[in-house]
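Engineer: Contents of final.txt (compact mmCIF, C-alpha atoms) are below:
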# COMPACT_ATOMS: atom_id res chain seq x y z
CA MET A 160 -7.78 -1.57 65.38
CA THR A 161 -9.02 -3.72 62.50
CA VAL A 162 -8.84 -0.77 60.08
CA PHE A 163 -5.32 0.08 61.26
CA ARG A 164 -4.11 -3.48 60.74
CA LEU A 165 -5.63 -3.53 57.25
CA LEU A 166 -3.91 -0.28 56.25
CA PHE A 167 -0.61 -1.50 57.73
CA SER A 168 -0.89 -4.74 55.74
CA LEU A 169 -1.52 -2.81 52.53
CA LEU A 170 1.53 -0.67 53.17
CA LEU A 171 3.67 -3.76 53.66
CA VAL A 172 2.42 -5.21 50.37
CA ALA A 173 3.20 -1.97 48.56
CA GLN A 174 6.82 -1.84 49.73
CA PRO A 175 9.61 -3.12 47.46
CA GLY A 176 10.39 -6.73 48.25
CA ASP A 177 12.79 -9.36 47.10
CA GLU A 178 10.87 -9.95 43.82
CA PRO A 179 12.41 -8.02 40.87
CA ILE A 180 10.32 -5.44 39.06
CA ILE A 181 9.98 -6.51 35.42
CA ARG A 182 9.78 -3.72 32.84
CA THR A 183 8.95 -4.53 29.23
CA SER A 184 9.15 -2.27 26.16
CA PHE A 185 6.24 -1.68 23.78
CA ALA A 186 5.76 0.06 20.45
CA GLN A 187 4.87 3.74 20.77
CA GLU A 188 3.50 5.23 17.56
CA ALA A 189 3.95 8.80 16.38
CA ARG A 190 3.14 10.60 13.18
CA THR A 191 4.43 13.51 11.11
CA VAL A 192 1.99 15.09 8.66
CA TYR A 193 2.94 16.97 5.49
CA PHE A 194 0.32 19.17 3.79
CA PHE A 195 0.61 20.85 0.40
CA GLY A 196 2.09 24.26 1.17
CA ASP A 197 3.08 23.13 4.67
CA GLY A 198 5.80 20.52 4.41
CA LEU A 199 5.09 19.69 0.76
CA PRO A 200 5.59 21.97 -2.27
CA LEU A 201 2.39 23.78 -3.20
CA ARG A 202 3.15 24.47 -6.86
CA THR A 203 5.33 23.22 -9.70
CA GLN A 204 7.93 25.37 -11.47
CA ASP A 205 5.21 26.17 -14.02
CA GLY A 206 2.83 27.40 -11.34
CA GLU A 207 0.44 24.43 -11.32
CA GLN A 208 -1.00 23.75 -7.87
CA LEU A 209 -0.51 20.29 -6.35
CA VAL A 210 -3.79 18.88 -5.04
CA GLU A 211 -3.44 15.15 -4.19
CA ALA A 212 -0.76 12.59 -3.29
CA ARG A 213 -1.69 9.59 -5.43
CA ALA A 214 1.15 7.10 -4.92
CA ILE A 215 4.22 6.58 -2.75
CA ALA A 216 7.19 4.19 -2.70
CA ILE A 217 10.43 3.60 -0.81
CA ARG A 218 13.71 3.91 -2.73
CA ALA A 219 16.76 1.72 -2.19
CA ASN A 220 18.18 4.32 0.22
CA GLY A 221 15.12 3.94 2.47
CA LEU A 222 13.66 7.35 1.63
CA PRO A 223 10.24 7.85 0.00
CA VAL A 224 9.25 9.26 -3.36
CA ALA A 225 5.67 10.31 -4.09
CA ALA A 226 3.59 10.78 -7.23
CA THR A 227 1.29 13.76 -6.86
CA VAL A 228 -1.30 15.29 -9.16
CA THR A 229 -1.78 18.92 -10.14
CA GLU A 230 -5.01 20.81 -10.72
CA LEU A 231 -4.49 20.09 -14.44
CA THR A 232 -4.08 16.33 -13.70
CA ASN A 233 -0.36 16.28 -14.52
CA LEU A 234 1.71 13.71 -12.64
CA VAL A 235 4.43 15.32 -10.50
CA LEU A 236 7.16 13.44 -8.64
CA LEU A 237 8.27 14.58 -5.15
CA GLU A 238 11.38 13.32 -3.33
CA PHE A 239 12.19 13.31 0.40
CA ASP A 240 15.81 13.78 1.49
CA GLY A 241 15.31 12.89 5.15
CA LYS A 242 14.34 16.42 6.16
CA ARG A 243 12.17 17.98 3.48
CA TRP A 244 10.15 17.26 0.33
CA SER A 245 11.06 18.83 -3.00
CA LEU A 246 10.13 18.59 -6.67
CA ALA A 247 12.08 15.91 -8.52
CA THR A 248 13.70 16.52 -11.91
CA PRO A 249 12.25 15.81 -14.42
CA PHE A 250 9.14 16.48 -12.43
CA ILE A 251 6.32 15.66 -14.87
CA ASP A 252 6.54 12.21 -16.45
CA HIS A 253 4.55 9.66 -18.40
CA VAL A 254 5.48 6.00 -18.75
CA THR A 255 6.91 4.34 -21.91
CA LYS A 256 8.59 7.48 -23.29
CA THR A 257 12.09 7.51 -21.75
CA PRO A 258 14.01 5.62 -19.03
CA GLN A 259 13.27 8.54 -16.71
CA HIS A 260 9.58 8.03 -17.29
CA ASP A 261 9.87 4.35 -16.39
CA GLU A 262 11.60 5.42 -13.18
CA VAL A 263 8.39 7.19 -12.14
CA ALA A 264 6.53 3.92 -12.56
CA SER A 265 9.07 1.83 -10.66
CA ARG A 266 9.33 4.29 -7.77
CA SER A 267 5.74 5.39 -7.25
CA GLY A 268 3.64 2.51 -8.56
CA GLN A 269 1.37 4.86 -10.48
CA THR A 270 1.67 6.68 -13.78
CA TYR A 271 -0.18 7.61 -16.95
CA PHE A 272 -0.52 5.32 -19.95
CA ASP A 273 -2.27 6.44 -23.15
CA ASN A 274 -3.23 9.60 -21.25
CA LYS A 275 -5.10 7.61 -18.61
CA GLY A 276 -4.34 6.92 -14.98
CA ALA A 277 -2.70 3.53 -14.53
CA VAL A 278 -1.37 1.19 -11.87
CA VAL A 279 2.07 -0.29 -12.45
CA ALA A 280 3.77 -3.49 -11.26
CA GLN A 281 7.48 -3.26 -11.96
CA ARG A 282 9.56 -6.46 -12.24
CA ARG A 283 13.33 -6.17 -12.85
CA PHE A 284 14.76 -9.58 -11.96
CA ASP A 285 16.61 -10.68 -15.09
CA ALA A 286 17.25 -9.67 -18.69
CA LYS A 287 13.66 -10.61 -19.51
CA GLY A 288 12.18 -8.42 -16.81
CA TYR A 289 9.17 -6.37 -17.80
CA THR A 290 6.68 -3.81 -16.62
CA LEU A 291 2.99 -4.61 -16.25
CA ILE A 292 0.64 -1.65 -16.64
CA ALA A 293 -3.04 -1.93 -15.73
CA THR A 294 -5.54 0.42 -17.35
CA GLU A 295 -9.31 0.18 -16.99
CA ARG A 296 -9.77 -2.50 -19.63
CA ALA A 297 -6.44 -4.31 -19.97
CA VAL A 298 -3.12 -5.25 -18.43
CA TRP A 299 -0.27 -4.33 -20.75
CA GLU A 300 3.20 -5.87 -20.89
CA LYS A 301 6.22 -3.70 -21.68
CA ARG A 302 9.73 -5.17 -21.80
CA VAL A 303 12.22 -3.16 -19.76
CA ALA A 304 15.45 -4.36 -21.37
CA ASP A 305 14.17 -4.54 -24.95
CA PRO A 306 13.20 -1.15 -26.45
CA ASN A 307 12.10 -2.92 -29.64
CA PHE A 308 9.54 -5.07 -27.81
CA GLU A 309 6.04 -4.02 -28.79
CA THR A 310 3.80 -3.33 -25.83
CA LYS A 311 0.98 -5.88 -25.84
CA ALA A 312 -2.19 -6.68 -23.91
CA LEU A 313 -1.65 -9.58 -21.50
CA PHE A 314 -5.20 -9.60 -20.07
CA GLU A 315 -8.39 -7.85 -21.19
CA VAL A 316 -11.93 -7.38 -19.91
CA ASN A 317 -15.12 -6.11 -21.55
CA ASP A 318 -17.85 -5.61 -18.96
CA GLU A 319 -15.55 -5.10 -15.96
CA THR A 320 -13.16 -2.41 -14.79
CA ILE A 321 -9.64 -3.32 -13.68
CA ARG A 322 -9.02 -1.91 -10.20
CA ALA A 323 -5.73 -3.40 -8.97
CA LEU A 324 -2.61 -5.28 -10.07
CA ALA A 325 0.16 -7.21 -8.27
CA ALA A 326 3.07 -9.34 -9.50
CA ILE A 327 6.15 -11.12 -8.15
CA GLU A 328 9.35 -12.47 -9.66
CA SER A 329 8.08 -16.05 -9.90
CA GLY A 330 5.71 -14.89 -12.62
CA ALA A 331 2.61 -15.00 -10.43
CA VAL A 332 0.22 -12.16 -11.25
CA ALA A 333 -3.03 -11.08 -9.57
CA ILE A 334 -5.60 -8.78 -11.16
CA GLY A 335 -8.54 -7.28 -9.31
CA THR A 336 -11.61 -6.02 -11.16
CA SER A 337 -15.01 -4.62 -10.37
CA ASP A 338 -16.42 -8.11 -10.74
CA GLY A 339 -13.73 -10.55 -9.69
CA LEU A 340 -10.23 -11.68 -8.78
CA TYR A 341 -8.00 -13.31 -11.44
CA LEU A 342 -4.75 -15.18 -10.80
CA ARG A 343 -2.02 -16.89 -12.74
CA SER A 344 0.68 -18.96 -11.03
CA ASP A 345 3.59 -18.31 -13.41
CA ASP A 346 4.50 -16.89 -16.84
CA ASP A 347 3.16 -19.91 -18.71
CA ALA A 348 -0.12 -20.32 -16.80
CA PRO A 349 -3.44 -18.85 -17.95
CA PHE A 350 -5.42 -16.37 -15.86
CA GLU A 351 -8.26 -17.95 -13.89
CA LYS A 352 -11.08 -16.31 -11.99
CA VAL A 353 -10.93 -17.47 -8.37
CA PHE A 354 -13.54 -17.71 -5.61
CA PRO A 355 -11.84 -17.50 -2.17
CA THR A 356 -13.22 -19.92 0.42
CA ASP A 357 -12.23 -20.81 3.97
CA GLN A 358 -14.00 -22.55 6.87
CA ARG A 359 -16.23 -19.52 7.47
CA TYR A 360 -16.88 -17.81 4.15
CA SER A 361 -17.18 -18.38 0.42
CA TRP A 362 -16.88 -15.26 -1.73
CA SER A 363 -17.28 -14.13 -5.30
CA PRO A 364 -15.22 -10.95 -4.79
CA ARG A 365 -16.60 -7.62 -5.94
CA ASN A 366 -14.62 -4.40 -6.42
CA VAL A 367 -11.20 -5.88 -5.74
CA ALA A 368 -9.41 -2.54 -5.29
CA ALA A 369 -6.45 -3.72 -3.21
CA LEU A 370 -3.83 -6.35 -4.15
CA ALA A 371 -0.29 -7.05 -2.94
CA TYR A 372 2.14 -9.89 -2.34
CA ASP A 373 3.83 -9.71 1.09
CA THR A 374 7.38 -10.67 2.16
CA GLN A 375 6.31 -14.33 2.28
CA GLU A 376 4.83 -14.13 -1.25
CA ARG A 377 1.32 -14.48 0.15
CA LEU A 378 -1.34 -12.63 -1.84
CA TRP A 379 -3.46 -10.12 0.12
CA PHE A 380 -6.61 -8.58 -1.31
CA GLY A 381 -9.41 -6.24 -0.28
CA CYS A 382 -12.91 -6.25 -1.75
CA ASP A 383 -16.52 -5.35 -0.88
CA GLN A 384 -16.92 -8.49 1.26
CA GLY A 385 -13.77 -7.91 3.32
CA ALA A 386 -10.07 -8.80 3.17
CA GLY A 387 -8.24 -12.04 2.54
CA VAL A 388 -4.89 -13.74 2.07
CA PHE A 389 -3.83 -16.69 -0.10
CA ASP A 390 -0.67 -18.62 0.84
CA GLY A 391 -0.55 -20.60 -2.39
CA GLU A 392 -2.69 -23.43 -1.06
CA SER A 393 -5.47 -22.04 1.12
CA TRP A 394 -7.38 -18.84 1.80
CA THR A 395 -8.02 -16.98 5.05
CA LEU A 396 -10.81 -14.39 4.94
CA PHE A 397 -11.56 -11.49 7.30
CA THR A 398 -14.64 -9.38 7.99
CA GLY A 399 -15.74 -7.21 10.90
CA GLU A 400 -16.40 -10.40 12.84
CA GLU A 401 -12.67 -11.12 12.77
CA GLY A 402 -11.76 -7.56 13.73
CA LEU A 403 -11.43 -5.87 10.33
CA PRO A 404 -12.18 -2.17 11.10
CA TYR A 405 -13.37 -1.03 7.63
CA ARG A 406 -13.76 -2.51 4.16
CA HIS A 407 -13.97 0.18 1.46
CA PHE A 408 -10.41 -0.47 0.28
CA THR A 409 -8.16 1.61 -1.94
CA CYS A 410 -4.79 -0.17 -1.64
CA VAL A 411 -2.72 -2.68 0.34
CA ALA A 412 1.02 -2.70 1.08
CA PRO A 413 3.37 -5.24 2.68
CA GLY A 414 5.19 -4.22 5.83
CA GLU A 415 7.90 -5.98 7.80
CA TYR A 416 7.70 -9.77 8.07
CA GLY A 417 4.12 -10.84 8.79
CA VAL A 418 2.66 -7.31 8.69
CA ILE A 419 0.25 -5.88 6.11
CA TRP A 420 -1.23 -2.38 5.69
CA PHE A 421 -4.54 -1.55 4.01
CA GLY A 422 -5.62 1.84 2.70
CA THR A 423 -9.33 2.69 2.71
CA GLU A 424 -11.66 5.56 1.92
CA ARG A 425 -11.68 6.36 5.65
CA GLY A 426 -8.22 5.74 6.99
CA ALA A 427 -5.44 3.15 7.12
CA ILE A 428 -5.33 -0.29 8.76
CA ARG A 429 -2.35 -2.27 10.07
CA PHE A 430 -2.58 -6.03 10.72
CA ASP A 431 0.26 -8.04 12.26
CA GLY A 432 -1.48 -11.42 12.03
CA ASN A 433 -3.17 -11.06 15.42
CA ARG A 434 -4.09 -7.45 16.05
CA TRP A 435 -5.88 -4.90 13.86
CA ALA A 436 -4.97 -1.22 14.29
CA TYR A 437 -6.93 1.64 12.70
CA TYR A 438 -5.55 5.09 11.81
CA ALA A 439 -7.90 7.90 10.79
CA SER A 440 -8.68 11.62 11.22
CA LEU A 441 -6.13 14.39 11.76
CA ARG A 442 -4.70 12.44 14.68
CA TRP A 443 -2.94 10.32 12.05
CA LEU A 444 -3.61 11.56 8.50
CA PRO A 445 -3.94 14.79 6.49
CA ALA A 446 -7.16 13.33 5.02
CA ASP A 447 -9.00 10.07 5.53
CA TYR A 448 -9.06 9.03 1.86
CA VAL A 449 -5.88 6.95 1.41
CA TYR A 450 -4.54 6.49 -2.11
CA ASP A 451 -1.38 4.52 -1.37
CA ILE A 452 0.92 3.22 1.39
CA ALA A 453 4.62 2.32 1.40
CA VAL A 454 6.41 0.75 4.36
CA GLY A 455 10.07 1.36 5.15
CA PRO A 456 12.67 -1.16 6.38
CA ALA A 457 12.01 -0.24 10.03
CA GLY A 458 8.25 -0.76 9.68
CA ASP A 459 7.42 2.94 9.39
CA ALA A 460 4.53 3.71 7.04
CA TRP A 461 4.33 6.54 4.50
CA ILE A 462 0.69 7.19 3.59
CA ALA A 463 -0.43 9.22 0.55
CA THR A 464 -3.83 10.90 0.91
CA LYS A 465 -6.05 13.42 -0.82
CA GLU A 466 -4.51 16.35 1.06
CA GLY A 467 -0.95 15.32 1.78
CA ILE A 468 1.35 12.66 3.23
CA SER A 469 1.61 11.12 6.70
CA HIS A 470 4.61 9.30 8.18
CA ILE A 471 3.74 6.87 11.00
CA THR A 472 6.69 5.51 12.97
CA ARG A 473 6.93 2.85 15.65
CA GLN A 474 9.56 3.32 18.38
Let me see the structure of the file written as structure tokens.

Structural biologist:
Amino acid sequence: MTVFRLLFSLLLVAQPGDEPIIRTSFAQEARTVYFFGDGLPLRTQDGEQLVEARAIAIRANGLPVAATVTELTNLVLLEFDGKRWSLATPFIDHVTKTPQHDEVASRSGQTYFDNKGAVVAQRRFDAKGYTLIATERAVWEKRVADPNFETKALFEVNDETIRALAAIESGAVAIGTSDGLYLRSDDDAPFEKVFPTDQRYSWSPRNVAALAYDTQERLWFGCDQGAGVFDGESWTLFTGEEGLPYRHFTCVAPGEYGVIWFGTERGAIRFDGNRWAYYASLRWLPADYVYDIAVGPAGDAWIATKEGISHITRQ
């Protein structure tokens, strides 16, 4: 009798009552992967084979454009029309030669300069807007609206290698090197080497390979010690103790408000200010080595890797 009463009580509890059933939505993530020869073009019109997706950016229409590299190290631009990827025209470009070449820099964030790979920060906010181009030993300034302006070195190093560059319209510029992090606050300020410190850590950053300003103009960086953010007044630093999944960084990209994405040598990381999410292996990416990330208006991430491109959406 006791067992019967217990079962009967459980059945009564399980029946629908007067209390409403509350259903809440949550983000479900999905991915689409594009490999060279399977979703991406395999060769150029000249027959060169595409081997890596080096950079990616979102155009004003919300669709991505990617800078890829051929087996002969030529830079090739690919465009996505919402359904498929195709070779852009002109499809092989180098910066500083024509307006079309500058378009490669502004769209993809990566180009060639003096026949070397370079990282580009494009700023077009007034008639004095200019392009900043980072090579291994210097950051170069090129005026966009003034074709007679002579390209000049804005920042130079001797015993270090420049790894990353970020800039915003206020004139603030961040430069990451193999041996430090350098900042200037505006066009008239000098560059200063900084040593991020919060209540837990004090760092002299090494191998600063990831730099970006987010939608709130906070500076995010990734280095050997971990990741960090600077809000203009104070630093907040993250390691594995704070949930950071991996720290061999390759890039960082701002997402929707309050969200940041990191690229690493073994996958991608998304951080919304509270939760870290890690994306790696064929479940998410064509290859784990991430070169670049661009985030669309809806928070979807386009990720350029060694073997192709992944599109991660949140629905």

Engineer: Between A:Asp338, A:Glu319, A:Asp346, A:Glu211, which is the closest to Tyr289 of chain A once you count all atoms listed in the file?

Structural biologist: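 Checking each of A:Asp338, A:Glu319, A:Asp346, A:Glu211 against Tyr289 of chain A, counting all atoms listed in the file, the winner is A:Asp346.
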
Engineer: Which one of A:Lys311, A:Arg213, A:Lys242, A:Arg202 sits closest to Glu230 of chain A if you count all atoms listed in the file?

Structural biologist: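 When distances to Glu230 of chain A are compared using all atoms listed in the file, the smallest one comes from A:Arg202.
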
Engineer: Which neighbours of segment 439-448 of chain A fall inside 6 Å, counting all atoms listed in the file, when residues of the same chain fewer than 5 positions from it are skipped, and could you give them as JSON, numbers by chain?

Structural biologist: {"A": [424, 425, 426, 464, 465, 466, 467, 469]}

Engineer: Write out as a ChimeraX atom specification the residues lying within 12 Å of Glu392 of chain A, counting all atoms listed in the file and excluding same-chain residues fewer than 2 positions away.

Structural biologist: /A:344,355-357,376-378,388-390,394-395

Engineer: Give the answer as one residue: which of A:Pro456, A:Gly381, A:Gly387, A:Gly399 has the shortest atom-to-atom distance to Phe421 of chain A, using all atoms listed in the file?

Structural biologist: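 Using all atoms listed in the file, Phe421 of chain A sits closest to A:Gly381.
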
Engineer: Quote the spacing between atom CA of Ile215 of chain A and atom CA of Val235 of chain A in Å to one decimal place.

Structural biologist: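 Answer for the atom CA of Ile215 of chain A to atom CA of Val235 of chain A separation: 11.7 Å.
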
Engineer: If I take atom CA of Leu246 of chain A and atom CA of Thr294 of chain A, how far is one from the other in Å, to one decimal?

Structural biologist: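 Separation between atom CA of Leu246 of chain A and atom CA of Thr294 of chain A: 26.3 Å.
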
Engineer: Write out as a PyMOL selection string each polymer residue whose atoms come within 12 Å of Trp362 of chain A, counting only C-alpha atoms; drop sequence neighbours fewer than 2 positions from it.

Structural biologist: chain A and resi 338-340+352-360+364-365+367+381-387+394-398

Engineer: For Ile428 of chain A, which residue out of A:Leu209, A:Tyr450, A:Pro404, A:Tyr416 is the nearest one, using only C-alpha atoms?

Structural biologist: A:Pro404

Engineer: To one decimal place, how far is atom CA of Glu300 of chain A from atom CA of Thr423 of chain A in Å?

Structural biologist: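 That distance, rounded to one decimal, is 28.1 Å.
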
Engineer: Taking only C-alpha atoms into account, name the residue in A:Ala186, A:Ala371, A:Ala457, A:Ile180 that is nearest to Ala412 of chain A.

Structural biologist: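 Using only C-alpha atoms, Ala412 of chain A sits closest to A:Ala371.
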
Engineer: For Thr409 of chain A, please output as number ranges by chain all residues within 6 Å (counting all atoms listed in the file; exclusion window: fewer than 4 positions along the same chain).

Structural biologist: A: 368-369, 422-423

Engineer: Find the residues around Arg473 of chain A up to 9 Å (all atoms listed in the file counted), leave out those fewer than 5 positions away in its own chain, and share them as number ranges by chain.

Structural biologist: A: 186-190, 457-460

Engineer: May I ask which of the residues A:Gln375, A:Ala247, A:Ala212, A:Gly391 is the closest one to Asp345 of chain A, counting only C-alpha atoms?

Structural biologist: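 Under the stated criterion, the closest residue is A:Gly391.
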
Engineer: Edge lengths and centre in Å to one decimal, as JSON, of the axis-aligned box that encloses all listed atoms of segment 197-204 of chain A with 3 Å added on every side?

Structural biologist:
{"center_x": 5.2, "center_y": 22.5, "center_z": -3.4, "size_x": 11.5, "size_y": 11.7, "size_z": 22.1}

Engineer: Within 8 Å of (-8.3, -7.6, -23.2), in the coordinates the file gives, what residues turn up when you count only C-alpha atoms, written out as a PyMOL selection string?

Structural biologist: chain A and resi 296-298+312-317

Engineer: Can you save segment 404-430 of chain A of the given block to a file, including N, CA and C atoms and formatted as a compact mmCIF listing (two decimals), in the first residue's frame?

Structural biologist:
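Heads up, here's the output in part11.txt:
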# COMPACT_ATOMS: atom_id res chain seq x y z
N PRO A 404 40.16 29.46 -22.91
CA PRO A 404 40.42 28.08 -23.33
C PRO A 404 41.83 27.83 -23.89
N TYR A 405 42.44 28.85 -24.55
CA TYR A 405 43.70 28.63 -25.25
C TYR A 405 44.35 29.99 -25.45
N ARG A 406 45.68 30.03 -25.60
CA ARG A 406 46.32 31.34 -25.62
C ARG A 406 47.38 31.55 -26.71
N HIS A 407 47.49 30.67 -27.68
CA HIS A 407 48.40 30.92 -28.80
C HIS A 407 47.60 31.64 -29.89
N PHE A 408 47.53 32.98 -29.78
CA PHE A 408 46.61 33.77 -30.57
C PHE A 408 47.15 34.09 -31.96
N THR A 409 46.21 34.27 -32.89
CA THR A 409 46.54 34.71 -34.24
C THR A 409 45.80 35.99 -34.61
N CYS A 410 44.62 36.24 -34.02
CA CYS A 410 43.83 37.42 -34.37
C CYS A 410 42.75 37.63 -33.32
N VAL A 411 42.08 38.77 -33.39
CA VAL A 411 40.92 39.04 -32.54
C VAL A 411 39.98 39.93 -33.34
N ALA A 412 38.66 39.74 -33.18
CA ALA A 412 37.69 40.50 -33.95
C ALA A 412 36.49 40.87 -33.10
N PRO A 413 36.01 42.11 -33.19
CA PRO A 413 34.82 42.50 -32.42
C PRO A 413 33.56 41.88 -33.01
N GLY A 414 32.65 41.47 -32.12
CA GLY A 414 31.36 40.98 -32.54
C GLY A 414 30.28 41.99 -32.22
N GLU A 415 29.06 41.52 -32.00
CA GLU A 415 27.99 42.42 -31.59
C GLU A 415 28.33 43.01 -30.23
N TYR A 416 27.54 43.95 -29.74
CA TYR A 416 27.86 44.72 -28.55
C TYR A 416 28.25 43.81 -27.38
N GLY A 417 29.49 44.02 -26.87
CA GLY A 417 29.95 43.26 -25.72
C GLY A 417 30.57 41.92 -26.03
N VAL A 418 30.64 41.54 -27.30
CA VAL A 418 31.16 40.22 -27.69
C VAL A 418 32.49 40.40 -28.42
N ILE A 419 33.42 39.48 -28.16
CA ILE A 419 34.72 39.49 -28.83
C ILE A 419 35.06 38.06 -29.25
N TRP A 420 35.71 37.93 -30.42
CA TRP A 420 36.17 36.63 -30.92
C TRP A 420 37.69 36.64 -31.02
N PHE A 421 38.31 35.54 -30.62
CA PHE A 421 39.75 35.35 -30.78
C PHE A 421 40.01 34.20 -31.74
N GLY A 422 41.01 34.36 -32.60
CA GLY A 422 41.51 33.26 -33.39
C GLY A 422 42.81 32.76 -32.78
N THR A 423 43.02 31.45 -32.82
CA THR A 423 44.23 30.85 -32.27
C THR A 423 44.81 29.83 -33.24
N GLU A 424 45.93 29.25 -32.85
CA GLU A 424 46.53 28.20 -33.67
C GLU A 424 45.76 26.89 -33.57
N ARG A 425 44.82 26.82 -32.63
CA ARG A 425 44.01 25.60 -32.47
C ARG A 425 42.54 25.95 -32.22
N GLY A 426 41.98 26.73 -33.12
CA GLY A 426 40.56 27.00 -33.02
C GLY A 426 40.21 28.45 -32.75
N ALA A 427 38.91 28.69 -32.59
CA ALA A 427 38.38 30.04 -32.35
C ALA A 427 37.70 30.09 -30.99
N ILE A 428 37.66 31.29 -30.41
CA ILE A 428 37.09 31.50 -29.07
C ILE A 428 36.12 32.67 -29.14
N ARG A 429 34.95 32.51 -28.51
CA ARG A 429 33.98 33.59 -28.39
C ARG A 429 33.78 33.92 -26.91
N PHE A 430 33.80 35.22 -26.58
CA PHE A 430 33.61 35.65 -25.20
C PHE A 430 32.57 36.75 -25.17
